[in-house]
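Asks: Pasting a structure here, questions to come.
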Amino acid sequence: MSKTAFVALGSNMGNGEENIKGAVDALKLVPGISVEKLSPVYETTPWGYEAQHNFTNACVKLSVDISPEALLGVCLGIEAGMGRIREFRNGPRIIDLDLIIYEGEKRNTEELKLPHPGMKDRDFVLVPLFDIADEPLKSEVAGYIAELTEHYIVK
């Protein structure tokens, strides 16, 4: 039985929109993953480490027949395949894929935390997620957006 998962995508090196498209195209090639919806892309200011270029962010809704851990592995593999190098936390990246929600699953391990603990504080995750979420998730996300005090999306 398929489950719904959401992955947040971000890029601030090279052409961000093309990098996100490339990552989504790679997800489409993986057995057990079907891309259901892709949000619009947003330009956002950096979070965590501010001395870098703005980001391009989006979110994708997936139907999956693989475990959360396998999906995380797919995301990390796509990042590596596209040339992501992790020099330091929150630094520049060609692509970032964060598994933020996996239907009915909670995790709190060193490798995987579900739902993603930082998503509630980041409009660059919440706004694209809102764009593609169905109820009741859409209402939950709207509540988180309303509570935000810091904003990163470029107006």
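FYI, nothing fancy with the structure tokens labels: chains A, B, ... in order, residues from 1 per chain, ligands from 1 as they appear.
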As a ChimeraX atom specification, please: the residues near stretch 97-109 of chain A (cut-off 7 Å, only C-alpha atoms, same-chain neighbours under 3 positions excluded).
Replies: /A:3-10,68,72,75,112-116
Asks: Considering only C-alpha atoms, return as a list in words whatever protein or nucleic-acid residues lie within 12 Å of A:Pro92, sequence-local ones (same chain, fewer than 6 positions apart) excluded.
Replies: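 Counting only C-alpha atoms, the residues come to Gly10, Ser11, Asn12, Met13, Gly14, Gly16, Thr45, Pro46, Trp47, Gly48, Tyr49, Glu50, Ala51, Gln52, His53, Asn54, Phe55, Thr56, Gly83, Arg84, Ile85 and Arg86 of chain A.
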Asks: Can you write just those residues out, C-alpha atoms, as an mmCIF file, in the first residue's frame?
Replies:
data_model
loop_
_atom_site.group_PDB
_atom_site.id
_atom_site.type_symbol
_atom_site.label_atom_id
_atom_site.label_comp_id
_atom_site.auth_asym_id
_atom_site.auth_seq_id
_atom_site.Cartn_x
_atom_site.Cartn_y
_atom_site.Cartn_z
ATOM 1 C CA GLY A 10 16.507 23.779 -2.081
ATOM 2 C CA SER A 11 19.419 25.059 -4.150
ATOM 3 C CA ASN A 12 21.628 28.147 -4.185
ATOM 4 C CA MET A 13 24.443 27.144 -6.525
ATOM 5 C CA GLY A 14 24.070 27.300 -10.277
ATOM 6 C CA GLY A 16 18.290 26.659 -8.749
ATOM 7 C CA THR A 45 17.003 34.328 1.758
ATOM 8 C CA PRO A 46 19.510 32.018 3.490
ATOM 9 C CA TRP A 47 18.689 30.448 6.839
ATOM 10 C CA GLY A 48 21.318 29.572 9.429
ATOM 11 C CA TYR A 49 24.356 30.836 7.522
ATOM 12 C CA GLU A 50 23.500 34.141 5.892
ATOM 13 C CA ALA A 51 26.711 34.948 3.953
ATOM 14 C CA GLN A 52 25.633 33.125 0.790
ATOM 15 C CA HIS A 53 23.390 33.510 -2.256
ATOM 16 C CA ASN A 54 19.607 33.346 -2.024
ATOM 17 C CA PHE A 55 17.968 29.952 -2.420
ATOM 18 C CA THR A 56 15.412 28.502 -4.759
ATOM 19 C CA GLY A 83 27.506 16.955 -6.795
ATOM 20 C CA ARG A 84 26.481 18.161 -3.351
ATOM 21 C CA ILE A 85 29.447 18.650 -1.047
ATOM 22 C CA ARG A 86 28.779 19.239 2.651
#
Asks: Measuring atom to atom with only C-alpha atoms, identify which of A:Ile33, A:Leu126, A:Ala26, A:Leu71 is nearest to A:Ala142.
Replies: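 Nearest to A:Ala142: A:Leu126.
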Asks: Within stretch 30-154 of chain A, find each residue whose DSSP state, derived from the backbone, is helix (DSSP H, G or I), and express the selection as a PyMOL selection string.
Replies: chain A and resi 68-81+119-121+123-132+137-147
Asks: Quick one: distance from atom CA of A:Lys61 to atom CA of A:Lys120 in Å, one decimal?
Replies: 17.3 Å
Asks: Can you pull out every residue within 8 Å of stretch 132-134 of chain A, counting only C-alpha atoms, but drop anything in the same chain fewer than 6 positions away, and send it as a PyMOL selection string?
Replies: chain A and resi 37-39+59-61
Asks: Using only C-alpha atoms for the distances, tell me which of A:Ile78, A:Val154, A:Leu137, A:Ala58 is nearest to A:Ala23.
Replies: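 With only C-alpha atoms as the atom set, the closest residue is A:Ile78.
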Asks: Kindly indicate which residue among A:Glu79, A:Val127, A:Asn90, A:Pro40 lies nearest to A:Glu17, using only C-alpha atoms for the distances.
Replies: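 Selected residue with least distance to A:Glu17: A:Pro40.
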Asks: Please give the complete set of residues from chain A that DSSP, run on the backbone, assigns to strand (DSSP E), formatted as a VMD selection string.
Replies: chain A and resid 3 to 11 33 to 38 42 to 44 55 to 64 96 to 102 107 to 108 113 to 114
Asks: Using only C-alpha atoms, which residues sit within 7 Å of stretch 145-152 of chain A once same-chain residues fewer than 4 positions away are excluded, as a list in words?
Replies: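 Residues near the query, excluding close chain neighbours: Thr44, Thr45, Asp121, Asp123, Phe124, Leu126 and Val141 of chain A.
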Asks: Would you output that residue set with N, CA and C atoms, as an mmCIF file, in the first residue's frame?
Replies:
data_model
loop_
_atom_site.group_PDB
_atom_site.id
_atom_site.type_symbol
_atom_site.label_atom_id
_atom_site.label_comp_id
_atom_site.auth_asym_id
_atom_site.auth_seq_id
_atom_site.Cartn_x
_atom_site.Cartn_y
_atom_site.Cartn_z
ATOM 1 N N THR A 44 14.267 32.512 -1.785
ATOM 2 C CA THR A 44 14.311 32.729 -0.337
ATOM 3 C C THR A 44 15.702 33.174 0.096
ATOM 4 N N THR A 45 15.722 33.920 1.189
ATOM 5 C CA THR A 45 17.003 34.328 1.758
ATOM 6 C C THR A 45 17.582 33.166 2.570
ATOM 7 N N ASP A 121 9.300 26.078 11.570
ATOM 8 C CA ASP A 121 9.898 27.399 11.739
ATOM 9 C C ASP A 121 10.385 28.004 10.437
ATOM 10 N N ASP A 123 9.431 29.224 6.645
ATOM 11 C CA ASP A 123 8.413 29.458 5.623
ATOM 12 C C ASP A 123 8.837 28.932 4.259
ATOM 13 N N PHE A 124 10.137 28.794 4.031
ATOM 14 C CA PHE A 124 10.596 28.266 2.748
ATOM 15 C C PHE A 124 10.294 26.776 2.605
ATOM 16 N N LEU A 126 7.314 25.576 4.612
ATOM 17 C CA LEU A 126 5.865 25.565 4.844
ATOM 18 C C LEU A 126 5.052 26.097 3.674
ATOM 19 N N VAL A 141 -0.602 23.187 8.321
ATOM 20 C CA VAL A 141 0.501 24.003 7.804
ATOM 21 C C VAL A 141 0.135 25.483 7.847
#
Asks: Can you tell me how far atom CA of A:Val125 sits from atom CA of A:Leu29, in Å to one decimal?
Replies: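 Calculated distance between atom CA of A:Val125 and atom CA of A:Leu29 is 23.9 Å.
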